[in-house]
Every structure is written in structure tokens, then in C-alpha cells.
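Inspection log for the structure reproduced underneath, given as C-alpha cells.
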Amino acid sequence: MLSDKARPVIEATLPLVGSRIGEITPKFYDRLFAAHPELLDGLFSRSNQRSGNQQQALAGSIAAFASHLVNNPGTLPEAVLSRIAHKHASLGITEPQYQVVYEHLFAAIADDLAEVITPEIAEAWTEVYWLMADALIKLEKDLYAAQSNTKMWMPWTVVEKTPAGTGAMTFTLAPADDTPVTPALPGQYISVKVQLPDGIRQVRQYSLSDEAGASRTFTAKLDDGGEVSPVLHRSVAVGGVLEISNPYGEITLKDGDGPVVLASAGIGCTPTASILRSLAEAGSERQVLVLHAESSMESWALRGQMTADVARLDGADLEVWLEEPQAGTKAGFMSLREVDLPADASLYLCGPLPFMKKIRNEAIEAGIPATQIHYEVFGPDIWLAA
């Protein structure tokens, strides 16, 4: 917990640091990559750096963590930390890297707040940083230890590459060596590393879109704004070998027999499709409500898989919203106000950030507790910074 010495300092300076952290983090990354350009090769995403999403995510996580320490003494924001730890583990973040980040982050803070910072302020924010870092290091060590192997990257062969809707492609992989395979849980993701034409390696996370277990199937949208998906679409053929991580992600189907609501938009259907497939394979008797929003029926990447799985479940219903509506669908954008939500449902949510915020707010208005709303974020978690 935050020390009695640091607490009043953080309370007093949180508004100032919070207001400046958006300016501090770009300076931090400039310093970090100037000193360690190798971190852009196979770790940090260049596209997220260019868009500013990575900076916004770091700013949001630090500010949210400090605010939690002040407003909830003696506790940690476990859900936020778990989400970050899973993402870090999928990238192979190691304990020594936290010291590197600390060095350059606090140099950026000292530079930006040079006129007001004091040793007392620096000490208090150092405490915040290491409380967060130490919690993440512990979580990440546990995640690494839970894997069936000690490797970060493993070779897997592409055995199928099939179009999925408009502008998406589904890749099915098989192990290319004898490394023990960690079974994936429904809703989890893997990191995929590719080499770009300029020689730099880049990484992106993709949700496993089929039944989990020991298989690896993911669906990538071509125009997702990153550099990895175009390489997968245009340069990776059947028989090619990809480097992938072990499976990570804490948004997985929870045990129980209560109702399940799966809400997605666009390519955000990939983790919900995995959860739906697991329910269908298990012959689940749970009440399942599948909600999906798409521009057109032809654009729906996993339409065949998801509609077939809904049909396999006696207790499942499907509702679809289309910007180009057709018979049997709703027009426009998804709204839970148009849905008869089952009581005591657990909601699993994935899609663009504005979509998730809207649906989450509507779910809470409808009486679903925030603790029963689970969401997955593609890319840096800028939800925290909003």
C-alpha cells in the first residue's frame, strides 16, 4: 500500500502530474528509444507509437493506478493490473526492463516538471511506480510459470489460410517443433511476430477465434491500422512458419451455469466466437445471448462459425445489427436498450473502444453489475486514459 509519507504528496500532486502525463510520456518514449532503439525491434509497436495510442495507454495506467491508491487505501486495481500483466507476458516483458523504463520515465518527469518538482515529490511518485511495477512483475512471473514451456517464441506452421468475410483472413497453425503446447482458454489471444520489409520485427496480438485447447486459429483483419496484418495477408502462405507466443488473456469464460451474453462489433467477434465455440462443443445448457454489430452481413468475419454454433445450442439466441440491414436483422448500431437481457447475466464484450464504452454503460443501466462485465481490448489499453 501507499506509505503515509507518500499519500499526502500524491494527493496534492496527482492533478498536476495527471494533467501533464500526456506530455511527459512522449518525452519518455523519445528518451527510451534513443537509448534503446532495439526495443522497437520485436517489442514496441511502431504503429501504436505513431498514433499516440501507446503513450495514451501508459499515461492512463499510471494515472489510474495512482488514483486508485489514493481513493482505495490498502488495495490494488487487480483487474487493471491483470489485463496489463497478460499483455506484457504475451510480449515477453522481463523484470530488468522495469528498471530501464523507470530511469527514462522519471528523467522525462523531472524535465517536464522542472519548475515544481522536489525530492519529496520525486520520491512519492517513485513509490507509486514501483508499487505498480512490483505488482506486475509478480503477476507476470506467475503467468510465465503457468505455461507448459519456458520459451517466449515458438515456430508454428500455417496449415490453412482462408478468407473470412470482407477483408479478413483466418489462419490455422500447427506446431513446427516438439515444444510442449500450453492449452489455450476460450477468449485468450497469442502474440504473432513477423519481419517487415525494412527488416524490423513487429508484434501484434490476435484472439484465438476457434475452440481453444492445443490448437491455434486466429482471424486477422487487413485494415486494422497496424503493420503486422498486411504481412500476414500478403506475404504468409500455407506452409510458412510464424513465431507465436503462448496464450494469454484474462477475459475467458468463467465457470458457472448462469446466463452468458456475448456482445461484439466487427473483428471484435474473434474472442466471443471462441467462447461461443467452447459452449457449443461442451453442449452447454446455459442461456446464451449472442449480439453482433457489423457494417454488412458479408463483412462479418466469423458469420458461418458463429451462426452454426448458435444453432447447436438449445439455449442460444442471436441478434445482429447491420449498417446495411436486411431481413432478420436490426438496423444501425447495437443498443442493449433494444434487448431483453437475462437476469444475472455475465457480459463478454469486444470491439472498437466507443462501442465497448456505449454497451458497457447500457449494461450497467440495465442492472448488470460492473463485476460481471468483461471486456477485451485490441492494442494498447487506451480505455484507461479516457
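Each chain in the C-alpha cells gets a letter, A, B and so on, in the order shown; residues start at 1 in every chain, and ligands are counted from 1 in the order they appear.
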
Query raised in the report: So which bits of stretch 54-194 of chain A end up alpha helix (DSSP H) when you DSSP the backbone, as a ChimeraX atom specification?
Result: /A:54-71,78-91,95-112,119-145

I'd like a table as JSON lines: residues in stretch 215-313 of chain A with an atom no more than 7 Å from stretch 145-168 of chain A, each row giving the shortest atom pair and its distance in Å to one decimal, only C-alpha atoms counted, sorted by chain and rising residue number.
```
{"residue": "A:Thr219", "atom": "CA", "partner": "A:Ala168", "partner_atom": "CA", "distance": 6.7}
{"residue": "A:Ala220", "atom": "CA", "partner": "A:Ala168", "partner_atom": "CA", "distance": 5.5}
{"residue": "A:Lys221", "atom": "CA", "partner": "A:Ala168", "partner_atom": "CA", "distance": 4.2}
{"residue": "A:Leu222", "atom": "CA", "partner": "A:Gly167", "partner_atom": "CA", "distance": 5.6}
{"residue": "A:Val238", "atom": "CA", "partner": "A:Val158", "partner_atom": "CA", "distance": 5.1}
{"residue": "A:Gly239", "atom": "CA", "partner": "A:Val158", "partner_atom": "CA", "distance": 5.3}
{"residue": "A:Gly240", "atom": "CA", "partner": "A:Val158", "partner_atom": "CA", "distance": 5.5}
{"residue": "A:Val241", "atom": "CA", "partner": "A:Thr157", "partner_atom": "CA", "distance": 4.4}
{"residue": "A:Leu242", "atom": "CA", "partner": "A:Trp156", "partner_atom": "CA", "distance": 5.4}
{"residue": "A:Glu243", "atom": "CA", "partner": "A:Pro155", "partner_atom": "CA", "distance": 4.7}
{"residue": "A:Ile244", "atom": "CA", "partner": "A:Trp153", "partner_atom": "CA", "distance": 5.4}
{"residue": "A:Ser245", "atom": "CA", "partner": "A:Trp153", "partner_atom": "CA", "distance": 5.0}
{"residue": "A:Glu298", "atom": "CA", "partner": "A:Gly165", "partner_atom": "CA", "distance": 5.6}
{"residue": "A:Ser299", "atom": "CA", "partner": "A:Thr166", "partner_atom": "CA", "distance": 4.5}
{"residue": "A:Trp300", "atom": "CA", "partner": "A:Gly165", "partner_atom": "CA", "distance": 5.3}
{"residue": "A:Ala301", "atom": "CA", "partner": "A:Gly165", "partner_atom": "CA", "distance": 4.1}
{"residue": "A:Leu302", "atom": "CA", "partner": "A:Ala164", "partner_atom": "CA", "distance": 6.4}
```

Output N, CA, C and O atoms for every residue in the selection just made, as a CSV table (one decimal), in the first residue's frame.
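Writing done, so here's result_36.csv:
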```csv
chain,number,residue,atom,x,y,z
A,219,THR,N,-8.0,-14.9,-36.5
A,219,THR,CA,-8.5,-14.2,-37.7
A,219,THR,C,-8.0,-12.8,-37.7
A,219,THR,O,-8.1,-12.1,-36.7
A,220,ALA,N,-7.4,-12.4,-38.8
A,220,ALA,CA,-6.8,-11.0,-38.8
A,220,ALA,C,-7.5,-10.2,-39.9
A,220,ALA,O,-7.7,-10.6,-41.0
A,221,LYS,N,-7.8,-9.0,-39.5
A,221,LYS,CA,-8.4,-8.0,-40.4
A,221,LYS,C,-7.3,-7.2,-41.1
A,221,LYS,O,-6.3,-6.7,-40.5
A,222,LEU,N,-7.4,-7.1,-42.4
A,222,LEU,CA,-6.3,-6.4,-43.2
A,222,LEU,C,-6.1,-5.0,-42.8
A,222,LEU,O,-5.0,-4.6,-42.5
A,238,VAL,N,0.4,-20.8,-46.9
A,238,VAL,CA,0.3,-22.1,-46.3
A,238,VAL,C,1.7,-22.8,-46.4
A,238,VAL,O,2.3,-22.8,-47.5
A,239,GLY,N,2.1,-23.3,-45.4
A,239,GLY,CA,3.4,-23.9,-45.3
A,239,GLY,C,4.5,-23.0,-44.7
A,239,GLY,O,5.6,-23.5,-44.3
A,240,GLY,N,4.1,-21.7,-44.6
A,240,GLY,CA,5.0,-20.8,-43.9
A,240,GLY,C,5.0,-21.0,-42.4
A,240,GLY,O,4.1,-21.6,-41.9
A,241,VAL,N,6.1,-20.5,-41.8
A,241,VAL,CA,6.2,-20.6,-40.4
A,241,VAL,C,6.1,-19.3,-39.7
A,241,VAL,O,6.8,-18.3,-40.1
A,242,LEU,N,5.3,-19.2,-38.6
A,242,LEU,CA,5.2,-18.0,-37.9
A,242,LEU,C,5.7,-18.2,-36.5
A,242,LEU,O,5.7,-19.3,-35.9
A,243,GLU,N,6.3,-17.1,-35.9
A,243,GLU,CA,6.7,-17.1,-34.5
A,243,GLU,C,5.5,-16.6,-33.6
A,243,GLU,O,5.0,-15.5,-33.9
A,244,ILE,N,5.1,-17.4,-32.7
A,244,ILE,CA,3.9,-17.0,-31.9
A,244,ILE,C,4.3,-17.3,-30.4
A,244,ILE,O,5.2,-18.1,-30.0
A,245,SER,N,3.5,-16.6,-29.5
A,245,SER,CA,3.7,-16.7,-28.1
A,245,SER,C,2.8,-17.8,-27.5
A,245,SER,O,1.9,-18.3,-28.2
A,298,GLU,N,-21.9,-9.5,-45.3
A,298,GLU,CA,-20.7,-10.0,-46.0
A,298,GLU,C,-19.5,-9.7,-45.2
A,298,GLU,O,-18.4,-10.4,-45.4
A,299,SER,N,-19.5,-8.6,-44.4
A,299,SER,CA,-18.3,-8.2,-43.7
A,299,SER,C,-18.0,-9.0,-42.5
A,299,SER,O,-16.9,-9.0,-41.9
A,300,TRP,N,-19.0,-9.8,-42.0
A,300,TRP,CA,-18.9,-10.5,-40.7
A,300,TRP,C,-17.9,-11.6,-40.9
A,300,TRP,O,-18.2,-12.6,-41.5
A,301,ALA,N,-16.8,-11.5,-40.2
A,301,ALA,CA,-15.6,-12.4,-40.5
A,301,ALA,C,-15.9,-13.9,-40.1
A,301,ALA,O,-15.5,-14.8,-40.8
A,302,LEU,N,-16.7,-14.1,-39.0
A,302,LEU,CA,-16.9,-15.4,-38.5
A,302,LEU,C,-18.4,-15.8,-38.5
A,302,LEU,O,-18.9,-16.5,-37.6
```

Query raised in the report: Which residue, A:Ile373, A:Ile62, A:Leu353, A:Ile251, has the smallest gap to A:Trp125 when you use only C-alpha atoms?
Result: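 The answer is A:Ile62, which sits nearest to A:Trp125.
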
Report summary line: Computed gap from atom CA of A:Gly351 to atom CA of A:Ser264 is 5.5 Å

Requested in this report: Pick out the residues sitting within 9 Å of A:Ile10, and hand them over as a PyMOL selection string; count only C-alpha atoms, and ignore anything fewer than 2 positions along from it in its own chain.
Outcome: chain A and resi 6-8+12-15+66-67+70+121+124-125+128

Query raised in the report: Of the residues A:Thr94, A:Gln195, A:Ser346, A:Asn361, which is the one nearest to A:Asp41, using only C-alpha atoms?
Result: A:Gln195

Query raised in the report: Which one is closest to A:Pro37: A:Leu105, A:Met297, A:Val320, A:Ile200? Count only C-alpha atoms.
Result: A:Ile200

Query raised in the report: Contacts of A:Tyr98 at 10 Å or less, counting only C-alpha atoms, minus same-chain residues fewer than 6 places along, as a VMD selection string?
Result: chain A and resid 129 to 130 133 to 134 136 to 137

Take the selection from the previous step and output its residues with N, CA, C and O atoms, as a PDB file, in the first residue's frame.
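Full text of out.pdb as output:
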```pdb
ATOM      1  N   TYR A 129       5.363   4.251  -8.781  1.00  0.00           N
ATOM      2  CA  TYR A 129       5.846   3.460  -9.915  1.00  0.00           C
ATOM      3  C   TYR A 129       6.227   2.058  -9.478  1.00  0.00           C
ATOM      4  O   TYR A 129       5.823   1.062 -10.110  1.00  0.00           O
ATOM      5  N   TRP A 130       7.000   1.932  -8.408  1.00  0.00           N
ATOM      6  CA  TRP A 130       7.489   0.616  -8.019  1.00  0.00           C
ATOM      7  C   TRP A 130       6.410  -0.243  -7.373  1.00  0.00           C
ATOM      8  O   TRP A 130       6.476  -1.471  -7.433  1.00  0.00           O
ATOM      9  N   ALA A 133       4.953  -1.511 -10.602  1.00  0.00           N
ATOM     10  CA  ALA A 133       5.903  -2.397 -11.267  1.00  0.00           C
ATOM     11  C   ALA A 133       6.055  -3.717 -10.521  1.00  0.00           C
ATOM     12  O   ALA A 133       6.042  -4.798 -11.133  1.00  0.00           O
ATOM     13  N   ASP A 134       6.196  -3.652  -9.195  1.00  0.00           N
ATOM     14  CA  ASP A 134       6.384  -4.878  -8.417  1.00  0.00           C
ATOM     15  C   ASP A 134       5.157  -5.785  -8.516  1.00  0.00           C
ATOM     16  O   ASP A 134       5.289  -7.017  -8.574  1.00  0.00           O
ATOM     17  N   LEU A 136       3.080  -5.930 -11.064  1.00  0.00           N
ATOM     18  CA  LEU A 136       3.083  -6.507 -12.407  1.00  0.00           C
ATOM     19  C   LEU A 136       4.143  -7.587 -12.545  1.00  0.00           C
ATOM     20  O   LEU A 136       3.907  -8.637 -13.157  1.00  0.00           O
ATOM     21  N   ILE A 137       5.325  -7.348 -11.989  1.00  0.00           N
ATOM     22  CA  ILE A 137       6.407  -8.340 -12.066  1.00  0.00           C
ATOM     23  C   ILE A 137       5.964  -9.657 -11.437  1.00  0.00           C
ATOM     24  O   ILE A 137       6.189 -10.741 -11.992  1.00  0.00           O
TER      25      ILE A 137
END
```

Report task. Please indicate the distance in Å from atom CA of A:Gln188 to atom CA of A:Leu208, rounded to one decimal place. Result -> 6.1 Å

Query - Nearby residues (only C-alpha atoms) at most 9 Å from A:Ser191, same-chain spacing under 3 positions excluded, as a ChimeraX atom specification - result: /A:87,90-91,153,203-207,243-248

Any chance you can output those residues with all heavy atoms as a compact mmCIF listing (two decimals), in the first residue's frame?
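Result written to part17.txt:
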```
# COMPACT_ATOMS: atom_id res chain seq x y z
N LYS A 87 -0.91 -8.78 -21.14
CA LYS A 87 -0.37 -8.18 -22.36
C LYS A 87 1.16 -8.17 -22.30
O LYS A 87 1.83 -8.49 -23.29
CB LYS A 87 -0.92 -6.77 -22.52
CG LYS A 87 -0.63 -6.14 -23.88
CD LYS A 87 -1.28 -6.91 -25.03
CE LYS A 87 -2.79 -6.86 -25.00
NZ LYS A 87 -3.39 -5.57 -25.26
N SER A 90 2.59 -11.61 -22.91
CA SER A 90 2.48 -12.02 -24.31
C SER A 90 3.58 -11.39 -25.17
O SER A 90 3.81 -11.83 -26.29
CB SER A 90 1.11 -11.66 -24.87
OG SER A 90 1.02 -10.29 -25.20
N LEU A 91 4.24 -10.37 -24.63
CA LEU A 91 5.34 -9.71 -25.33
C LEU A 91 6.71 -10.11 -24.79
O LEU A 91 7.74 -9.71 -25.33
CB LEU A 91 5.19 -8.19 -25.22
CG LEU A 91 3.97 -7.59 -25.94
CD1 LEU A 91 3.79 -6.14 -25.52
CD2 LEU A 91 4.12 -7.70 -27.44
N TRP A 153 9.00 -17.41 -27.75
CA TRP A 153 8.54 -17.52 -29.13
C TRP A 153 8.73 -18.94 -29.63
O TRP A 153 9.78 -19.54 -29.40
CB TRP A 153 9.29 -16.55 -30.04
CG TRP A 153 9.07 -15.12 -29.64
CD1 TRP A 153 9.95 -14.31 -28.99
CD2 TRP A 153 7.89 -14.35 -29.82
NE1 TRP A 153 9.40 -13.08 -28.76
CE2 TRP A 153 8.13 -13.07 -29.27
CE3 TRP A 153 6.65 -14.60 -30.41
CZ2 TRP A 153 7.17 -12.05 -29.28
CZ3 TRP A 153 5.70 -13.59 -30.43
CH2 TRP A 153 5.97 -12.34 -29.87
N VAL A 203 5.18 -7.01 -33.60
CA VAL A 203 4.34 -7.98 -32.90
C VAL A 203 2.92 -7.43 -32.79
O VAL A 203 2.71 -6.24 -32.58
CB VAL A 203 4.89 -8.26 -31.49
CG1 VAL A 203 3.97 -9.22 -30.73
CG2 VAL A 203 6.30 -8.83 -31.56
N ARG A 204 1.95 -8.33 -32.93
CA ARG A 204 0.57 -7.96 -32.68
C ARG A 204 -0.14 -9.12 -32.02
O ARG A 204 0.18 -10.28 -32.27
CB ARG A 204 -0.15 -7.60 -33.99
CG ARG A 204 -1.47 -6.86 -33.75
CD ARG A 204 -2.28 -6.75 -35.02
NE ARG A 204 -3.43 -5.87 -34.89
CZ ARG A 204 -4.54 -6.14 -34.21
NH1 ARG A 204 -4.64 -7.28 -33.55
NH2 ARG A 204 -5.54 -5.27 -34.17
N GLN A 205 -1.11 -8.79 -31.15
CA GLN A 205 -1.91 -9.82 -30.50
C GLN A 205 -3.15 -10.11 -31.34
O GLN A 205 -3.78 -9.19 -31.87
CB GLN A 205 -2.35 -9.40 -29.10
CG GLN A 205 -1.24 -9.41 -28.06
CD GLN A 205 -0.38 -8.18 -28.12
OE1 GLN A 205 -0.83 -7.10 -28.47
NE2 GLN A 205 0.90 -8.33 -27.78
N TYR A 206 -3.49 -11.40 -31.44
CA TYR A 206 -4.70 -11.84 -32.12
C TYR A 206 -5.45 -12.82 -31.22
O TYR A 206 -4.86 -13.78 -30.71
CB TYR A 206 -4.38 -12.52 -33.45
CG TYR A 206 -3.76 -11.61 -34.48
CD1 TYR A 206 -2.38 -11.56 -34.65
CD2 TYR A 206 -4.55 -10.77 -35.26
CE1 TYR A 206 -1.80 -10.72 -35.59
CE2 TYR A 206 -3.98 -9.92 -36.20
CZ TYR A 206 -2.61 -9.90 -36.35
OH TYR A 206 -2.04 -9.05 -37.27
N SER A 207 -6.74 -12.58 -31.06
CA SER A 207 -7.55 -13.52 -30.28
C SER A 207 -7.68 -14.82 -31.04
O SER A 207 -7.81 -14.85 -32.27
CB SER A 207 -8.94 -12.93 -30.04
OG SER A 207 -8.88 -11.80 -29.20
N GLU A 243 6.28 -17.11 -35.87
CA GLU A 243 6.68 -17.14 -34.47
C GLU A 243 5.51 -16.63 -33.63
O GLU A 243 5.03 -15.51 -33.86
CB GLU A 243 7.89 -16.24 -34.24
CG GLU A 243 9.19 -16.75 -34.80
CD GLU A 243 10.35 -15.88 -34.39
OE1 GLU A 243 10.57 -14.84 -35.04
OE2 GLU A 243 11.04 -16.21 -33.39
N ILE A 244 5.06 -17.45 -32.69
CA ILE A 244 3.95 -17.03 -31.85
C ILE A 244 4.28 -17.27 -30.39
O ILE A 244 5.17 -18.05 -30.04
CB ILE A 244 2.64 -17.76 -32.23
CG1 ILE A 244 2.70 -19.23 -31.83
CG2 ILE A 244 2.34 -17.59 -33.70
CD1 ILE A 244 1.36 -19.95 -31.97
N SER A 245 3.54 -16.58 -29.53
CA SER A 245 3.73 -16.71 -28.08
C SER A 245 2.82 -17.79 -27.53
O SER A 245 1.95 -18.34 -28.23
CB SER A 245 3.41 -15.38 -27.40
OG SER A 245 2.00 -15.16 -27.38
N ASN A 246 2.98 -18.07 -26.26
CA ASN A 246 2.00 -18.87 -25.53
C ASN A 246 0.70 -18.06 -25.43
O ASN A 246 0.70 -16.84 -25.64
CB ASN A 246 2.53 -19.20 -24.14
CG ASN A 246 3.59 -20.28 -24.17
OD1 ASN A 246 3.38 -21.36 -24.71
ND2 ASN A 246 4.75 -20.00 -23.58
N PRO A 247 -0.42 -18.70 -25.09
CA PRO A 247 -1.68 -17.98 -24.98
C PRO A 247 -1.78 -17.18 -23.68
O PRO A 247 -1.34 -17.63 -22.62
CB PRO A 247 -2.74 -19.09 -25.01
CG PRO A 247 -2.02 -20.29 -24.47
CD PRO A 247 -0.60 -20.17 -24.91
N TYR A 248 -2.34 -15.99 -23.80
CA TYR A 248 -2.56 -15.12 -22.63
C TYR A 248 -3.91 -14.45 -22.78
O TYR A 248 -4.57 -14.55 -23.81
CB TYR A 248 -1.44 -14.08 -22.52
CG TYR A 248 -0.11 -14.66 -22.15
CD1 TYR A 248 0.84 -14.94 -23.14
CD2 TYR A 248 0.20 -14.97 -20.84
CE1 TYR A 248 2.08 -15.50 -22.80
CE2 TYR A 248 1.43 -15.53 -20.49
CZ TYR A 248 2.36 -15.78 -21.48
OH TYR A 248 3.57 -16.34 -21.14
```

Query - Atom-to-atom span, atom CA of A:Ala89 and atom CA of A:Phe44, Å - result: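 Atom CA of A:Phe44 lies 13.2 Å from atom CA of A:Ala89.
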
Query - Residues of stretch 276-334 of chain A in strand (DSSP E), written as an NGL selection string - result: :A and (288-294 or 316-322 or 330-331)

Go ahead and dump the residues you just picked, all heavy atoms, as a CSV table (one decimal), in the first residue's frame.
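In the end it all went to again.csv:
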```
chain,number,residue,atom,x,y,z
A,288,VAL,N,-27.6,-18.5,-23.6
A,288,VAL,CA,-26.6,-17.8,-24.3
A,288,VAL,C,-27.2,-16.8,-25.2
A,288,VAL,O,-28.1,-17.2,-26.0
A,288,VAL,CB,-25.6,-18.7,-25.0
A,288,VAL,CG1,-24.6,-17.9,-25.7
A,288,VAL,CG2,-25.0,-19.7,-24.1
A,289,LEU,N,-26.9,-15.5,-25.1
A,289,LEU,CA,-27.4,-14.5,-26.0
A,289,LEU,C,-26.2,-13.9,-26.7
A,289,LEU,O,-25.3,-13.3,-26.1
A,289,LEU,CB,-28.1,-13.4,-25.2
A,289,LEU,CG,-28.7,-12.2,-26.0
A,289,LEU,CD1,-29.7,-12.7,-27.1
A,289,LEU,CD2,-29.4,-11.2,-25.1
A,290,VAL,N,-26.2,-14.1,-28.1
A,290,VAL,CA,-25.1,-13.6,-28.9
A,290,VAL,C,-25.6,-12.3,-29.6
A,290,VAL,O,-26.6,-12.4,-30.4
A,290,VAL,CB,-24.7,-14.7,-29.9
A,290,VAL,CG1,-23.5,-14.2,-30.8
A,290,VAL,CG2,-24.2,-16.0,-29.2
A,291,LEU,N,-24.8,-11.2,-29.4
A,291,LEU,CA,-25.2,-10.0,-30.1
A,291,LEU,C,-24.0,-9.5,-30.9
A,291,LEU,O,-22.8,-9.5,-30.4
A,291,LEU,CB,-25.4,-8.9,-29.0
A,291,LEU,CG,-26.4,-9.3,-27.9
A,291,LEU,CD1,-26.4,-8.2,-26.8
A,291,LEU,CD2,-27.8,-9.6,-28.4
A,292,HIS,N,-24.2,-9.2,-32.2
A,292,HIS,CA,-23.1,-8.8,-33.0
A,292,HIS,C,-23.5,-7.6,-33.9
A,292,HIS,O,-24.7,-7.6,-34.5
A,292,HIS,CB,-22.6,-9.9,-33.9
A,292,HIS,CG,-21.4,-9.6,-34.7
A,292,HIS,ND1,-20.2,-9.2,-34.2
A,292,HIS,CD2,-21.3,-9.4,-36.1
A,292,HIS,CE1,-19.3,-8.9,-35.1
A,292,HIS,NE2,-20.0,-9.0,-36.3
A,293,ALA,N,-22.6,-6.6,-34.1
A,293,ALA,CA,-22.9,-5.5,-34.9
A,293,ALA,C,-21.8,-5.5,-36.1
A,293,ALA,O,-20.6,-5.7,-35.8
A,293,ALA,CB,-22.8,-4.2,-34.1
A,294,GLU,N,-22.3,-5.2,-37.3
A,294,GLU,CA,-21.4,-5.2,-38.4
A,294,GLU,C,-21.9,-4.2,-39.5
A,294,GLU,O,-23.0,-3.8,-39.4
A,294,GLU,CB,-21.5,-6.7,-39.0
A,294,GLU,CG,-20.4,-7.0,-40.0
A,294,GLU,CD,-19.0,-7.0,-39.4
A,294,GLU,OE1,-18.7,-7.9,-38.6
A,294,GLU,OE2,-18.2,-6.0,-39.7
A,316,ALA,N,-29.5,-20.9,-26.9
A,316,ALA,CA,-28.8,-19.8,-27.5
A,316,ALA,C,-29.7,-19.0,-28.5
A,316,ALA,O,-30.5,-19.6,-29.2
A,316,ALA,CB,-27.5,-20.2,-28.2
A,317,ASP,N,-29.6,-17.7,-28.5
A,317,ASP,CA,-30.3,-16.8,-29.4
A,317,ASP,C,-29.2,-15.8,-30.0
A,317,ASP,O,-28.2,-15.5,-29.4
A,317,ASP,CB,-31.4,-16.0,-28.7
A,317,ASP,CG,-32.5,-16.9,-28.3
A,317,ASP,OD1,-33.1,-17.5,-29.2
A,317,ASP,OD2,-32.8,-17.0,-27.1
A,318,LEU,N,-29.5,-15.4,-31.2
A,318,LEU,CA,-28.6,-14.5,-31.9
A,318,LEU,C,-29.4,-13.2,-32.4
A,318,LEU,O,-30.5,-13.4,-33.0
A,318,LEU,CB,-28.0,-15.2,-33.2
A,318,LEU,CG,-27.2,-14.3,-34.1
A,318,LEU,CD1,-25.9,-13.8,-33.5
A,318,LEU,CD2,-26.9,-15.1,-35.4
A,319,GLU,N,-28.8,-12.0,-32.1
A,319,GLU,CA,-29.4,-10.8,-32.7
A,319,GLU,C,-28.2,-10.0,-33.4
A,319,GLU,O,-27.1,-9.9,-32.8
A,319,GLU,CB,-30.0,-10.0,-31.6
A,319,GLU,CG,-31.2,-10.6,-30.9
A,319,GLU,CD,-31.9,-9.7,-29.9
A,319,GLU,OE1,-31.9,-8.5,-30.2
A,319,GLU,OE2,-32.4,-10.2,-28.9
A,320,VAL,N,-28.5,-9.5,-34.6
A,320,VAL,CA,-27.5,-8.9,-35.4
A,320,VAL,C,-28.0,-7.5,-35.8
A,320,VAL,O,-29.1,-7.3,-36.2
A,320,VAL,CB,-27.2,-9.7,-36.7
A,320,VAL,CG1,-26.2,-9.0,-37.5
A,320,VAL,CG2,-26.7,-11.1,-36.3
A,321,TRP,N,-27.1,-6.5,-35.7
A,321,TRP,CA,-27.3,-5.1,-36.1
A,321,TRP,C,-26.4,-4.9,-37.4
A,321,TRP,O,-25.2,-5.2,-37.3
A,321,TRP,CB,-26.9,-4.1,-35.1
A,321,TRP,CG,-27.8,-4.0,-33.9
A,321,TRP,CD1,-28.8,-3.0,-33.7
A,321,TRP,CD2,-28.0,-4.9,-32.8
A,321,TRP,NE1,-29.4,-3.2,-32.5
A,321,TRP,CE2,-29.0,-4.4,-32.0
A,321,TRP,CE3,-27.4,-6.1,-32.4
A,321,TRP,CZ2,-29.4,-5.0,-30.8
A,321,TRP,CZ3,-27.8,-6.8,-31.3
A,321,TRP,CH2,-28.8,-6.2,-30.5
A,322,LEU,N,-27.0,-4.3,-38.4
A,322,LEU,CA,-26.2,-4.1,-39.6
A,322,LEU,C,-26.4,-2.6,-40.0
A,322,LEU,O,-27.5,-2.1,-40.0
A,322,LEU,CB,-26.7,-5.0,-40.8
A,322,LEU,CG,-26.5,-6.5,-40.6
A,322,LEU,CD1,-27.0,-7.2,-41.8
A,322,LEU,CD2,-25.0,-6.8,-40.4
A,330,LYS,N,-31.4,-6.1,-37.2
A,330,LYS,CA,-31.7,-4.8,-36.8
A,330,LYS,C,-30.9,-3.7,-37.5
A,330,LYS,O,-29.8,-4.0,-37.9
A,330,LYS,CB,-31.5,-4.6,-35.3
A,330,LYS,CG,-32.3,-5.6,-34.4
A,330,LYS,CD,-32.0,-5.4,-32.9
A,330,LYS,CE,-32.7,-6.4,-32.1
A,330,LYS,NZ,-34.1,-6.2,-32.0
A,331,ALA,N,-31.4,-2.5,-37.7
A,331,ALA,CA,-30.8,-1.5,-38.4
A,331,ALA,C,-29.9,-0.6,-37.5
A,331,ALA,O,-30.3,-0.3,-36.4
A,331,ALA,CB,-31.8,-0.7,-39.2
```

Requested in this report: Find the spatial neighbours of A:His68, counting only C-alpha atoms, within a cut-off of 12 Å - ignore same-chain residues fewer than 3 positions away - and output them as number ranges by chain.
Outcome: A: 1-2, 7, 10-11, 14, 60-65, 71-81, 128, 131-132

**Report entry** Exercise: A:Ser284 partners within 12 Å, only C-alpha atoms, chain neighbours under 5 positions left out, as a ChimeraX atom specification
**Finding:** /A:255-260,275-279,309-310,312-316

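Nearest-residue note for A:Pro325: choosing from A:Thr307, A:Gln99, A:Ser296, A:Ser47, the minimum distance belongs to A:Ser296, counting only C-alpha atoms.
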